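For reference, upload-v4.cif (mmCIF, C-alpha atoms):
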data_input
#
loop_
_atom_site.label_atom_id
_atom_site.label_comp_id
_atom_site.auth_asym_id
_atom_site.auth_seq_id
_atom_site.Cartn_x
_atom_site.Cartn_y
_atom_site.Cartn_z
CA MET U 1 27.70 49.14 10.50
CA THR U 2 28.65 45.68 9.47
CA SER U 3 28.15 42.74 11.71
CA PRO U 4 31.32 41.29 13.13
CA ALA U 5 32.79 38.42 11.25
CA PRO U 6 32.01 35.12 12.92
CA SER U 7 34.91 34.00 15.01
CA VAL U 8 34.56 30.42 13.91
CA VAL U 9 33.73 28.94 10.57
CA PRO U 10 30.13 27.72 10.80
CA ALA U 11 29.82 23.97 10.82
CA PRO U 12 28.76 22.49 7.50
CA PRO U 13 25.08 21.58 7.38
CA PRO U 14 24.51 18.12 8.76
CA LYS U 15 24.81 15.41 6.19
CA PRO U 16 21.29 14.51 5.14
CA ASN U 17 20.25 11.23 6.63
CA ALA U 18 20.17 8.91 3.64
CA LEU U 19 17.66 6.52 5.18
CA LEU U 20 15.31 9.39 6.03
CA GLU U 21 15.54 10.71 2.45
CA TYR U 22 14.88 7.25 1.08
CA LEU U 23 11.83 6.68 3.29
CA LEU U 24 10.43 10.04 2.17
CA ARG U 25 10.87 9.01 -1.46
CA LEU U 26 9.02 5.74 -0.90
CA GLY U 27 6.35 7.31 1.30
CA ASP U 28 5.76 10.41 -0.83
CA ASP U 29 5.35 8.42 -4.06
CA ARG U 30 2.52 6.54 -2.34
CA LEU U 31 0.97 9.53 -0.63
CA ILE U 32 0.80 11.64 -3.78
CA LEU U 33 -0.31 8.86 -6.13
CA GLY U 34 -2.87 7.72 -3.54
CA HIS U 35 -4.23 11.25 -3.43
CA ARG U 36 -4.41 11.46 -7.23
CA LEU U 37 -6.35 8.18 -7.34
CA SER U 38 -8.73 9.38 -4.65
CA GLU U 39 -9.79 12.16 -7.02
CA TRP U 40 -11.65 9.46 -8.97
CA CYS U 41 -13.84 8.60 -6.02
CA GLY U 42 -17.40 9.23 -7.22
CA HIS U 43 -16.18 9.89 -10.78
CA GLY U 44 -15.15 6.43 -12.00
CA PRO U 45 -16.42 5.35 -15.44
CA ILE U 46 -18.30 2.39 -13.88
CA LEU U 47 -19.10 1.56 -10.26
CA GLU U 48 -16.65 -1.36 -10.03
CA GLU U 49 -13.86 0.85 -11.30
CA ASP U 50 -14.73 3.67 -8.96
CA ILE U 51 -14.40 1.19 -6.08
CA ALA U 52 -11.24 -0.36 -7.49
CA LEU U 53 -9.39 2.97 -7.79
CA ALA U 54 -10.47 3.93 -4.27
CA ASN U 55 -9.19 0.57 -2.99
CA VAL U 56 -5.80 0.99 -4.65
CA SER U 57 -5.67 4.53 -3.31
CA LEU U 58 -6.37 3.25 0.20
CA ASP U 59 -3.60 0.64 -0.04
CA LEU U 60 -1.13 3.31 -1.17
CA LEU U 61 -2.18 5.73 1.57
CA GLY U 62 -1.85 2.95 4.14
CA GLN U 63 1.65 2.16 2.93
CA ALA U 64 2.50 5.87 2.96
CA THR U 65 1.32 6.11 6.57
CA ILE U 66 3.62 3.29 7.66
CA LEU U 67 6.62 4.60 5.70
CA LEU U 68 6.23 8.22 6.80
CA ARG U 69 5.79 7.13 10.41
CA MET U 70 9.09 5.28 10.12
CA ALA U 71 10.65 8.36 8.47
CA GLY U 72 9.55 10.47 11.44
CA GLU U 73 11.09 7.97 13.84
CA VAL U 74 14.35 7.89 11.89
CA GLU U 75 14.45 11.69 11.85
CA GLY U 76 13.97 11.75 15.62
CA GLN U 77 12.46 15.26 15.75
CA GLY U 78 9.03 14.12 16.88
CA ARG U 79 7.34 14.59 13.52
CA THR U 80 4.44 12.20 12.98
CA GLU U 81 3.27 10.85 9.64
CA ASP U 82 0.54 13.51 9.65
CA ALA U 83 3.06 16.30 10.27
CA LEU U 84 5.10 15.06 7.32
CA ALA U 85 2.06 14.76 5.05
CA TYR U 86 0.34 18.04 5.91
CA PHE U 87 3.03 20.45 7.02
CA ARG U 88 5.75 20.21 4.41
CA GLU U 89 6.07 22.52 1.40
CA ALA U 90 6.24 21.26 -2.18
CA THR U 91 10.04 21.54 -2.32
CA GLN U 92 10.29 19.26 0.72
CA PHE U 93 8.41 16.45 -0.99
CA ARG U 94 10.49 13.65 -2.48
CA ASN U 95 8.02 11.92 -4.78
CA SER U 96 8.77 11.37 -8.45
CA GLN U 97 7.16 13.78 -10.89
CA LEU U 98 5.31 10.88 -12.54
CA VAL U 99 2.92 10.48 -9.62
CA GLU U 100 2.04 14.17 -9.21
CA LEU U 101 0.79 14.78 -12.77
CA PRO U 102 -2.94 15.57 -12.90
CA LYS U 103 -5.15 12.50 -13.21
CA GLY U 104 -6.14 13.30 -16.82
CA ASP U 105 -8.68 11.01 -18.45
CA PHE U 106 -9.21 7.39 -17.43
CA ALA U 107 -6.63 6.17 -19.97
CA PHE U 108 -4.01 8.53 -18.53
CA THR U 109 -4.73 7.41 -14.96
CA ILE U 110 -4.50 3.73 -15.95
CA ALA U 111 -1.32 4.16 -18.02
CA ARG U 112 0.43 6.06 -15.20
CA GLN U 113 -0.78 3.48 -12.69
CA PHE U 114 0.48 0.59 -14.80
CA LEU U 115 3.94 2.12 -15.25
CA PHE U 116 4.13 2.78 -11.50
CA ASP U 117 2.63 -0.57 -10.42
CA VAL U 118 5.23 -2.56 -12.37
CA TYR U 119 8.01 -0.41 -10.88
CA ASP U 120 6.46 -0.89 -7.45
CA VAL U 121 6.35 -4.70 -7.69
CA VAL U 122 9.95 -4.87 -8.96
CA LEU U 123 11.18 -2.47 -6.27
CA LEU U 124 9.25 -4.03 -3.38
CA GLU U 125 10.35 -7.51 -4.38
CA ALA U 126 13.97 -6.36 -4.11
CA LEU U 127 13.33 -4.50 -0.85
CA THR U 128 12.07 -7.66 0.88
CA THR U 129 15.74 -8.62 1.27
CA SER U 130 16.82 -5.20 2.56
CA SER U 131 19.36 -5.24 5.39
CA ASN U 132 16.93 -2.93 7.24
CA THR U 133 14.53 -5.53 8.64
CA GLU U 134 11.77 -3.03 9.37
CA LEU U 135 11.82 -1.80 5.77
CA ALA U 136 11.96 -5.40 4.51
CA ALA U 137 8.82 -6.23 6.52
CA ILE U 138 6.92 -3.21 5.16
CA ALA U 139 7.99 -4.16 1.62
CA ALA U 140 6.83 -7.77 2.04
CA LYS U 141 3.42 -6.56 3.18
CA SER U 142 3.09 -3.92 0.45
CA LEU U 143 4.19 -6.38 -2.24
CA LYS U 144 1.12 -8.55 -1.67
CA GLU U 145 -1.06 -5.52 -2.33
CA ALA U 146 1.02 -4.33 -5.30
CA ARG U 147 0.50 -7.69 -7.04
CA TYR U 148 -3.24 -7.02 -7.11
CA HIS U 149 -2.63 -3.47 -8.32
CA VAL U 150 -0.51 -4.46 -11.31
CA ARG U 151 -2.95 -7.12 -12.46
CA HIS U 152 -5.72 -4.53 -12.36
CA SER U 153 -3.86 -1.82 -14.27
CA GLY U 154 -2.24 -4.33 -16.65
CA GLU U 155 -5.60 -5.86 -17.60
CA TRP U 156 -6.96 -2.38 -18.27
CA MET U 157 -3.96 -1.55 -20.48
CA ILE U 158 -4.84 -4.56 -22.63
CA LYS U 159 -8.56 -3.75 -22.64
CA LEU U 160 -7.98 -0.13 -23.62
CA GLY U 161 -5.08 -0.70 -26.02
CA ASP U 162 -6.73 -3.63 -27.77
CA GLY U 163 -10.19 -2.10 -27.48
CA THR U 164 -11.81 0.50 -29.69
CA GLU U 165 -10.06 2.97 -31.94
CA GLU U 166 -10.84 5.70 -29.43
CA SER U 167 -9.59 3.81 -26.35
CA HIS U 168 -6.43 2.81 -28.22
CA ARG U 169 -5.76 6.39 -29.28
CA ARG U 170 -6.28 7.73 -25.77
CA VAL U 171 -4.08 5.22 -23.99
CA GLN U 172 -1.31 5.50 -26.60
CA THR U 173 -1.37 9.29 -26.25
CA ALA U 174 -1.16 8.93 -22.47
CA LEU U 175 1.74 6.51 -22.75
CA ASP U 176 3.62 8.85 -25.09
CA SER U 177 3.39 11.76 -22.69
CA LEU U 178 4.18 9.64 -19.60
CA TRP U 179 7.18 7.73 -20.88
CA LEU U 180 9.60 10.61 -20.36
CA TYR U 181 8.79 10.63 -16.65
CA THR U 182 9.64 6.97 -16.07
CA SER U 183 13.40 7.57 -16.33
CA GLU U 184 13.28 9.42 -13.01
CA LEU U 185 12.11 6.25 -11.28
CA PHE U 186 15.46 4.65 -12.05
CA ALA U 187 17.72 7.69 -11.60
CA THR U 188 20.31 7.27 -8.86
CA ASP U 189 22.16 9.76 -6.71
CA ALA U 190 24.34 9.89 -3.59
CA VAL U 191 21.44 8.86 -1.34
CA GLU U 192 20.75 5.74 -3.38
CA ASP U 193 24.46 4.92 -3.68
CA GLU U 194 24.98 5.10 0.06
CA LEU U 195 22.01 2.84 0.78
CA VAL U 196 22.92 0.37 -1.95
CA ARG U 197 26.37 0.00 -0.36
CA ALA U 198 24.72 -0.60 3.02
CA GLY U 199 22.42 -3.24 1.53
CA VAL U 200 19.35 -1.21 2.48
CA ALA U 201 18.18 -0.34 -1.05
CA PRO U 202 18.44 -2.27 -4.32
CA ASP U 203 20.42 -0.92 -7.24
CA LEU U 204 17.80 0.75 -9.44
CA ALA U 205 19.86 0.28 -12.58
CA GLY U 206 19.62 -3.47 -12.03
CA LEU U 207 15.84 -3.30 -11.68
CA LYS U 208 15.16 -1.43 -14.89
CA PRO U 209 15.49 -4.41 -17.29
CA LYS U 210 12.95 -6.38 -15.20
CA TRP U 211 10.57 -3.42 -15.27
CA GLU U 212 10.98 -2.97 -18.98
CA ALA U 213 10.45 -6.66 -19.76
CA LEU U 214 7.05 -6.77 -18.06
CA VAL U 215 5.98 -3.37 -19.37
CA ARG U 216 6.86 -4.33 -22.94
CA ASP U 217 5.16 -7.73 -22.62
CA VAL U 218 1.88 -6.10 -21.63
CA LEU U 219 2.19 -3.28 -24.18
CA GLN U 220 2.69 -5.82 -26.94
CA ARG U 221 -0.46 -7.68 -25.91
CA ALA U 222 -2.24 -4.32 -25.76
CA THR U 223 -1.06 -3.45 -29.32
CA LEU U 224 0.60 -0.36 -27.87
CA THR U 225 4.09 0.92 -28.51
CA ALA U 226 6.53 2.25 -25.94
CA SER U 227 8.31 5.45 -26.78
CA ASN U 228 12.04 5.50 -27.21
CA ASP U 229 14.05 6.18 -24.10
CA VAL U 230 15.21 9.74 -23.79
CA PRO U 231 18.64 9.81 -22.16
CA ARG U 232 18.42 11.61 -18.85
CA PRO U 233 21.23 14.10 -18.23
CA ALA U 234 22.96 13.41 -14.91
CA SER U 235 22.50 17.06 -13.95
CA MET U 236 18.74 16.96 -14.42
CA ARG U 237 16.95 17.52 -11.11
CA GLY U 238 13.65 15.91 -10.33
CA GLY U 239 11.20 15.19 -7.58
CA ARG U 240 13.72 13.18 -5.55
CA SER U 241 15.63 16.40 -4.84
CA GLY U 242 12.51 18.55 -4.42
CA ALA U 243 12.18 19.88 -7.98
CA HIS U 244 8.54 19.40 -8.92
CA THR U 245 6.10 20.33 -11.65
CA GLU U 246 3.63 23.12 -10.92
CA HIS U 247 0.97 20.48 -10.34
CA LEU U 248 2.27 19.34 -6.95
CA GLY U 249 1.61 22.73 -5.33
CA HIS U 250 -2.01 22.66 -6.46
CA LEU U 251 -2.42 19.12 -5.18
CA LEU U 252 -0.91 20.00 -1.79
CA ALA U 253 -3.10 23.09 -1.46
CA GLU U 254 -6.14 20.85 -1.62
CA MET U 255 -4.70 17.97 0.40
CA GLN U 256 -3.30 20.09 3.23
CA ILE U 257 -5.88 22.83 3.69
CA VAL U 258 -8.02 21.18 6.36
CA ALA U 259 -5.05 20.15 8.51
CA ARG U 260 -3.51 23.62 8.17
CA SER U 261 -6.74 25.51 8.82
CA HIS U 262 -7.40 23.55 12.00
CA PRO U 263 -4.00 22.54 13.38
CA GLY U 264 -4.27 19.90 16.08
CA ALA U 265 -7.93 19.21 15.37
CA THR U 266 -9.13 15.70 16.10
CA TRP U 267 -12.35 13.99 15.13
CA MET E 1 -3.52 -12.66 46.52
CA ILE E 2 -1.93 -15.62 44.81
CA ARG E 3 -0.09 -14.58 41.69
CA ARG E 4 -1.24 -16.34 38.57
CA LEU E 5 1.15 -17.75 36.05
CA GLY E 6 1.73 -15.71 32.89
CA ALA E 7 0.43 -18.59 30.79
CA GLU E 8 -2.87 -18.56 32.69
CA VAL E 9 -3.29 -14.83 32.14
CA ARG E 10 -2.48 -15.33 28.49
CA ASP E 11 -5.18 -18.00 28.11
CA GLU E 12 -7.67 -15.72 29.78
CA VAL E 13 -6.82 -12.89 27.38
CA LEU E 14 -7.11 -15.19 24.38
CA ALA E 15 -10.57 -16.27 25.57
CA VAL E 16 -11.59 -12.60 25.70
CA LEU E 17 -10.20 -12.03 22.20
CA ASP E 18 -12.36 -14.91 20.93
CA THR E 19 -15.35 -12.66 21.64
CA VAL E 20 -14.02 -9.64 19.70
CA MET E 21 -15.50 -9.77 16.22
CA ASP E 22 -14.10 -8.15 13.10
CA PRO E 23 -16.22 -5.04 12.42
CA GLU E 24 -16.41 -5.69 8.68
CA VAL E 25 -16.80 -9.47 8.76
CA PRO E 26 -18.76 -9.86 12.01
CA VAL E 27 -18.92 -13.68 11.86
CA LEU E 28 -15.18 -13.99 12.48
CA SER E 29 -13.30 -13.11 15.64
CA VAL E 30 -10.07 -11.17 15.41
CA ARG E 31 -8.26 -14.38 16.37
CA GLU E 32 -9.94 -16.40 13.61
CA LEU E 33 -8.91 -13.72 11.10
CA GLY E 34 -5.29 -14.12 12.16
CA ILE E 35 -4.99 -10.47 13.17
CA VAL E 36 -3.87 -11.35 16.72
CA ARG E 37 -0.26 -12.47 16.50
CA ASP E 38 0.73 -12.71 20.14
CA VAL E 39 -0.24 -11.93 23.71
CA LEU E 40 2.58 -10.79 25.97
CA VAL E 41 2.27 -10.80 29.74
CA ASP E 42 4.96 -9.02 31.74
CA ASP E 43 5.92 -9.88 35.32
CA ARG E 44 3.37 -7.43 36.68
CA ASP E 45 0.52 -8.99 34.69
CA GLY E 46 0.63 -6.12 32.18
CA VAL E 47 -0.91 -7.35 28.95
CA THR E 48 0.14 -6.38 25.43
CA VAL E 49 -1.79 -7.74 22.46
CA VAL E 50 0.28 -7.80 19.27
CA VAL E 51 -1.84 -7.32 16.15
CA THR E 52 -1.10 -7.09 12.44
CA PRO E 53 -3.31 -5.29 9.91
CA THR E 54 -4.87 -7.26 7.06
CA TYR E 55 -4.14 -4.58 4.45
CA SER E 56 -1.85 -1.56 4.95
CA GLY E 57 -4.72 0.86 4.54
CA CYS E 58 -7.44 -1.15 6.26
CA PRO E 59 -9.59 1.51 7.96
CA ALA E 60 -10.99 -1.10 10.37
CA ILE E 61 -7.72 -1.53 12.24
CA GLN E 62 -8.38 1.42 14.55
CA ALA E 63 -11.86 0.11 15.40
CA ILE E 64 -10.37 -3.34 16.01
CA GLU E 65 -7.77 -1.93 18.42
CA ARG E 66 -10.47 -0.02 20.25
CA ASP E 67 -12.74 -3.10 20.46
CA ILE E 68 -9.88 -5.23 21.81
CA LEU E 69 -9.04 -2.70 24.51
CA THR E 70 -12.70 -2.27 25.48
CA ALA E 71 -13.27 -6.03 25.77
CA LEU E 72 -10.12 -6.47 27.84
CA ARG E 73 -11.04 -3.57 30.12
CA ASP E 74 -14.49 -5.09 30.67
CA ALA E 75 -12.77 -8.35 31.61
CA GLY E 76 -10.63 -6.58 34.20
CA PHE E 77 -7.46 -5.94 32.21
CA GLU E 78 -7.39 -2.21 32.87
CA ASN E 79 -4.00 -1.37 31.43
CA ALA E 80 -3.89 -3.62 28.40
CA LYS E 81 -2.03 -2.28 25.39
CA VAL E 82 -2.14 -3.03 21.68
CA ARG E 83 0.99 -3.06 19.57
CA THR E 84 1.14 -3.31 15.78
CA THR E 85 3.59 -5.44 13.87
CA TYR E 86 4.06 -5.82 10.10
CA SER E 87 6.25 -8.89 10.13
CA PRO E 88 5.47 -11.54 9.09
CA PRO E 89 2.89 -9.97 6.75
CA TRP E 90 -0.69 -11.07 7.24
CA THR E 91 -1.89 -13.89 5.03
CA THR E 92 -5.29 -15.52 4.52
CA ASP E 93 -3.50 -18.86 5.04
CA TRP E 94 -3.83 -18.13 8.77
CA ILE E 95 -7.62 -18.40 8.62
CA PRO E 96 -8.53 -21.89 9.90
CA ASP E 97 -10.98 -24.22 8.13
CA SER E 98 -13.61 -23.70 10.83
CA ALA E 99 -13.57 -19.96 10.14
CA ARG E 100 -13.71 -20.54 6.37
CA ALA E 101 -16.93 -22.49 6.88
CA LYS E 102 -18.36 -19.53 8.80
CA LEU E 103 -17.44 -17.18 5.94
CA LYS E 104 -19.20 -19.38 3.42
CA ALA E 105 -22.33 -19.64 5.59
CA TYR E 106 -22.29 -15.83 5.78
CA GLY E 107 -22.30 -15.62 1.96
CA ILE E 108 -18.62 -14.81 1.41
CA ALA E 109 -16.56 -17.25 -0.64
CA PRO E 110 -13.58 -18.20 1.56
CA PRO E 111 -10.06 -17.45 0.28
CA GLY E 112 -8.31 -20.05 -1.87
CA ALA E 113 -4.72 -21.05 -1.28
CA THR E 114 -2.21 -18.27 -1.80
CA THR E 115 -0.26 -18.78 -5.00
CA PRO E 116 3.49 -19.19 -4.81
CA GLU E 117 5.21 -16.05 -5.99
CA GLY E 118 5.96 -16.67 -9.62
CA GLY E 119 7.87 -14.61 -12.16
CA LEU E 120 6.83 -11.15 -13.15
CA VAL E 121 5.10 -12.11 -16.36
CA GLN E 122 3.01 -14.62 -14.40
CA LEU E 123 1.57 -11.65 -12.56
CA MET E 124 -0.75 -11.02 -15.45
CA ARG E 125 -2.16 -14.54 -15.48
CA PRO E 126 -5.89 -14.36 -14.68
CA ARG E 127 -6.84 -16.33 -11.60
CA GLN E 128 -9.55 -18.91 -11.06
CA ALA E 129 -12.90 -17.57 -9.84
CA PRO E 130 -14.12 -19.11 -6.56
CA ALA E 131 -17.13 -21.43 -6.20
CA CYS E 132 -20.44 -19.74 -5.42
CA PRO E 133 -21.02 -19.73 -1.64
CA TYR E 134 -24.78 -20.06 -2.20
CA CYS E 135 -25.13 -22.90 -4.73
CA ASP E 136 -21.54 -24.26 -4.91
CA SER E 137 -21.47 -23.82 -8.70
CA ARG E 138 -18.06 -23.33 -10.35
CA ASP E 139 -19.73 -21.44 -13.20
CA THR E 140 -18.66 -18.10 -11.75
CA GLU E 141 -16.64 -15.07 -12.76
CA ILE E 142 -14.68 -12.37 -11.00
CA ARG E 143 -16.33 -9.04 -11.77
CA SER E 144 -13.75 -6.95 -9.92
CA GLU E 145 -10.72 -7.70 -7.78
CA PHE E 146 -11.73 -4.82 -5.53
CA GLY E 147 -14.90 -4.83 -3.47
CA SER E 148 -16.66 -3.17 -0.57
CA THR E 149 -13.62 -3.67 1.68
CA ALA E 150 -9.93 -4.06 0.90
CA CYS E 151 -10.03 -7.80 1.62
CA LYS E 152 -12.84 -8.74 -0.78
CA SER E 153 -13.45 -9.08 -4.51
CA VAL E 154 -16.79 -8.99 -6.32
CA CYS E 155 -17.95 -12.11 -8.18
CA TRP E 156 -20.97 -13.30 -10.12
CA CYS E 157 -22.57 -16.75 -10.20
CA ARG E 158 -23.96 -17.66 -13.62
CA SER E 159 -25.91 -20.63 -12.18
CA CYS E 160 -27.96 -18.96 -9.46
CA ARG E 161 -27.49 -15.49 -10.97
CA GLN E 162 -26.32 -13.97 -7.71
CA PRO E 163 -23.53 -11.53 -7.09
CA PHE E 164 -21.32 -12.57 -4.19
CA GLU E 165 -18.12 -11.50 -2.47
CA GLU E 166 -14.92 -13.43 -2.13
CA PHE E 167 -12.35 -13.09 0.62
CA LYS E 168 -9.22 -12.58 -1.50
CA ALA E 169 -6.27 -14.88 -0.99
CA ILE E 170 -3.25 -12.79 -0.10
#
Output the file's structure as structure tokens, nothing else.
Amino acid sequence: MTSPAPSVVPAPPPKPNALLEYLLRLGDDRLILGHRLSEWCGHGPILEEDIALANVSLDLLGQATILLRMAGEVEGQGRTEDALAYFREATQFRNSQLVELPKGDFAFTIARQFLFDVYDVVLLEALTTSSNTELAAIAAKSLKEARYHVRHSGEWMIKLGDGTEESHRRVQTALDSLWLYTSELFATDAVEDELVRAGVAPDLAGLKPKWEALVRDVLQRATLTASNDVPRPASMRGGRSGAHTEHLGHLLAEMQIVARSHPGATW
Amino acid sequence: MIRRLGAEVRDEVLAVLDTVMDPEVPVLSVRELGIVRDVLVDDRDGVTVVVTPTYSGCPAIQAIERDILTALRDAGFENAKVRTTYSPPWTTDWIPDSARAKLKAYGIAPPGATTPEGGLVQLMRPRQAPACPYCDSRDTEIRSEFGSTACKSVCWCRSCRQPFEEFKAI
């Protein structure tokens, strides 16, 4: 027996809330990168660096908390920042693939951090004039922290690149494998377009030259070379639409297990 | 009972907040740190303290909120509330000179002036190390921009050969 045909055409799925999507992108980048950095806690090459990476991680997690809380409020379904962090599946995360890659060696962590930190400063600077005043305030606060982050990772790029043969080799190798992932940071889609028109988000294409100028300035001083840009096909899906590398699932398994094993627990 | 003016209640609350110390820098009150942004008193004497976190991820903010509520409850403000704001963002420029002197006496170099936001390439310019809070020498270096708490960096004095912390300008 076949089920009766529906008498009315089902309504199209609700249009995804662009602001909600955007806040998840901003929040998830910070949550996932903050988690990756926290993996260094107790494993840093020197004590000062162990503390530094934990500090940057804490800043990013703090920013993620504020952004995901706002995302929950915009969504209006009663989801808290913790619900969004601990009870979503990998395909529901909106972070870029760059931030979910395993931490690798210290050179890899620093190179990834530097590429992200420069992007973060450029993006946050632009977001301080967002037409969404709440988002503009969060950006202004985060920007102060991001300025410390980029000086830290940038100085390390120069130390490692212009250091020993071994440190140069390691950081150049890291840069070569990371470069491909940076194009996703500047990829736009319908969500971005809608928010750019509303004055909420900056046009990412306009930010890329600023990002590249600072990145190349530091790389030159570090005697490192940037890879050539690989054109990104418009059809290529990435983390912003929920397509992730296999690494995100492993990260989430570790990050979410306590909250999922003891739902509602408080301490 | 004669109703008090909102401004009087507000002054009373501020006096209570002067006694609430920052848990990580216990020589400064939450007011001296600039964390308290406002005190609102509604027409039924309901009190809301508006606070702003120093750093986004500062783990002390929850303890600070709890300490504020406890102090106010002890002073008779049973239903006081704490609200968080992020705008304008917290800056060390809000820390008054009197509080800076207390930081120095406690062994923490007080924050310098915040630098105007320059171009991107200027971001990489190394900054001046602070004077040693113990011997006032300028022969110092910044060992790490990140210290035991989010708001401090780790420095070293070459004159008196002491490590010391600096409250970072932000």
* If the PyMOL selection byres ((chain U) within 8 of (chain E)) is run on the structure shown, which residues does it catch, given as an MDAnalysis selection string? -> chainID U and resid 48:49 51:52 55 58:63 66 137:138 140:142 144:145 147:148 150:152 154:155 214 217
Using only C-alpha atoms, please write the residues we just selected to a file, as a PDB file, keeping the file's coordinate frame.
ATOM      1  CA  GLU U  48     -16.650  -1.360 -10.030  1.00  0.00           C
ATOM      2  CA  GLU U  49     -13.860   0.850 -11.300  1.00  0.00           C
ATOM      3  CA  ILE U  51     -14.400   1.190  -6.080  1.00  0.00           C
ATOM      4  CA  ALA U  52     -11.240  -0.360  -7.490  1.00  0.00           C
ATOM      5  CA  ASN U  55      -9.190   0.570  -2.990  1.00  0.00           C
ATOM      6  CA  LEU U  58      -6.370   3.250   0.200  1.00  0.00           C
ATOM      7  CA  ASP U  59      -3.600   0.640  -0.040  1.00  0.00           C
ATOM      8  CA  LEU U  60      -1.130   3.310  -1.170  1.00  0.00           C
ATOM      9  CA  LEU U  61      -2.180   5.730   1.570  1.00  0.00           C
ATOM     10  CA  GLY U  62      -1.850   2.950   4.140  1.00  0.00           C
ATOM     11  CA  GLN U  63       1.650   2.160   2.930  1.00  0.00           C
ATOM     12  CA  ILE U  66       3.620   3.290   7.660  1.00  0.00           C
ATOM     13  CA  ALA U 137       8.820  -6.230   6.520  1.00  0.00           C
ATOM     14  CA  ILE U 138       6.920  -3.210   5.160  1.00  0.00           C
ATOM     15  CA  ALA U 140       6.830  -7.770   2.040  1.00  0.00           C
ATOM     16  CA  LYS U 141       3.420  -6.560   3.180  1.00  0.00           C
ATOM     17  CA  SER U 142       3.090  -3.920   0.450  1.00  0.00           C
ATOM     18  CA  LYS U 144       1.120  -8.550  -1.670  1.00  0.00           C
ATOM     19  CA  GLU U 145      -1.060  -5.520  -2.330  1.00  0.00           C
ATOM     20  CA  ARG U 147       0.500  -7.690  -7.040  1.00  0.00           C
ATOM     21  CA  TYR U 148      -3.240  -7.020  -7.110  1.00  0.00           C
ATOM     22  CA  VAL U 150      -0.510  -4.460 -11.310  1.00  0.00           C
ATOM     23  CA  ARG U 151      -2.950  -7.120 -12.460  1.00  0.00           C
ATOM     24  CA  HIS U 152      -5.720  -4.530 -12.360  1.00  0.00           C
ATOM     25  CA  GLY U 154      -2.240  -4.330 -16.650  1.00  0.00           C
ATOM     26  CA  GLU U 155      -5.600  -5.860 -17.600  1.00  0.00           C
ATOM     27  CA  LEU U 214       7.050  -6.770 -18.060  1.00  0.00           C
ATOM     28  CA  ASP U 217       5.160  -7.730 -22.620  1.00  0.00           C
TER      29      ASP U 217
END
* To do: Please measure the separation of CA of Asp38 in chain E and CA of Val50 in chain E, giving the value in Å to one decimal.
  => 5.0 Å
* d(CA of Arg44 in chain E, CA of Glu12 in chain E) in Å -> 15.4 Å
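Note that CA of Gly42 in chain U and CA of Val171 in chain U are 21.8 Å apart.
Here the question is which of U:Ala222, U:Ser227, U:Arg88, U:Ala265 gets nearest to Asp176 in chain U using all atoms listed in the file, and that residue is U:Ser227.
Considering the residues U:Leu98, U:Leu33, U:Ala146, U:Leu204 and counting all atoms listed in the file, Ala64 in chain U has its shortest atom-to-atom contact with U:Leu33.
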So which residues touch Asp105 in chain U within 10 Å, counting all atoms listed in the file, skipping near sequence neighbours fewer than 2 positions away, as a PDB file with C-alpha atoms, in the frame of the given file?
ATOM      1  CA  PRO U 102      -2.940  15.570 -12.900  1.00  0.00           C
ATOM      2  CA  LYS U 103      -5.150  12.500 -13.210  1.00  0.00           C
ATOM      3  CA  ALA U 107      -6.630   6.170 -19.970  1.00  0.00           C
ATOM      4  CA  PHE U 108      -4.010   8.530 -18.530  1.00  0.00           C
ATOM      5  CA  THR U 109      -4.730   7.410 -14.960  1.00  0.00           C
ATOM      6  CA  ILE U 110      -4.500   3.730 -15.950  1.00  0.00           C
ATOM      7  CA  ARG U 170      -6.280   7.730 -25.770  1.00  0.00           C
ATOM      8  CA  VAL U 171      -4.080   5.220 -23.990  1.00  0.00           C
ATOM      9  CA  ALA U 174      -1.160   8.930 -22.470  1.00  0.00           C
TER      10      ALA U 174
END
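Shell of range 207-211 of chain U at 7 Å, with only C-alpha atoms counted and residues fewer than 3 places along the chain excluded, is Val118, Tyr119, Val122, Phe186, Asp203, Leu204, Leu214 and Val215 of chain U.
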Some atoms are missing, so please complete range 53-59 of chain U with N, CA and C atoms and return it as an mmCIF file, keeping the file's coordinate frame.
data_model
loop_
_atom_site.group_PDB
_atom_site.id
_atom_site.type_symbol
_atom_site.label_atom_id
_atom_site.label_comp_id
_atom_site.auth_asym_id
_atom_site.auth_seq_id
_atom_site.Cartn_x
_atom_site.Cartn_y
_atom_site.Cartn_z
ATOM 1 N N LEU U 53 -10.381 1.891 -7.918
ATOM 2 C CA LEU U 53 -9.390 2.970 -7.790
ATOM 3 C C LEU U 53 -9.321 3.463 -6.345
ATOM 4 N N ALA U 54 -10.468 3.505 -5.680
ATOM 5 C CA ALA U 54 -10.470 3.930 -4.270
ATOM 6 C C ALA U 54 -9.731 2.908 -3.399
ATOM 7 N N ASN U 55 -9.897 1.617 -3.738
ATOM 8 C CA ASN U 55 -9.190 0.570 -2.990
ATOM 9 C C ASN U 55 -7.679 0.665 -3.152
ATOM 10 N N VAL U 56 -7.240 0.870 -4.398
ATOM 11 C CA VAL U 56 -5.800 0.990 -4.650
ATOM 12 C C VAL U 56 -5.270 2.220 -3.936
ATOM 13 N N SER U 57 -6.053 3.293 -3.999
ATOM 14 C CA SER U 57 -5.670 4.530 -3.310
ATOM 15 C C SER U 57 -5.489 4.269 -1.818
ATOM 16 N N LEU U 58 -6.424 3.531 -1.234
ATOM 17 C CA LEU U 58 -6.370 3.250 0.200
ATOM 18 C C LEU U 58 -5.138 2.417 0.553
ATOM 19 N N ASP U 59 -4.823 1.438 -0.275
ATOM 20 C CA ASP U 59 -3.600 0.640 -0.040
ATOM 21 C C ASP U 59 -2.376 1.558 -0.033
#
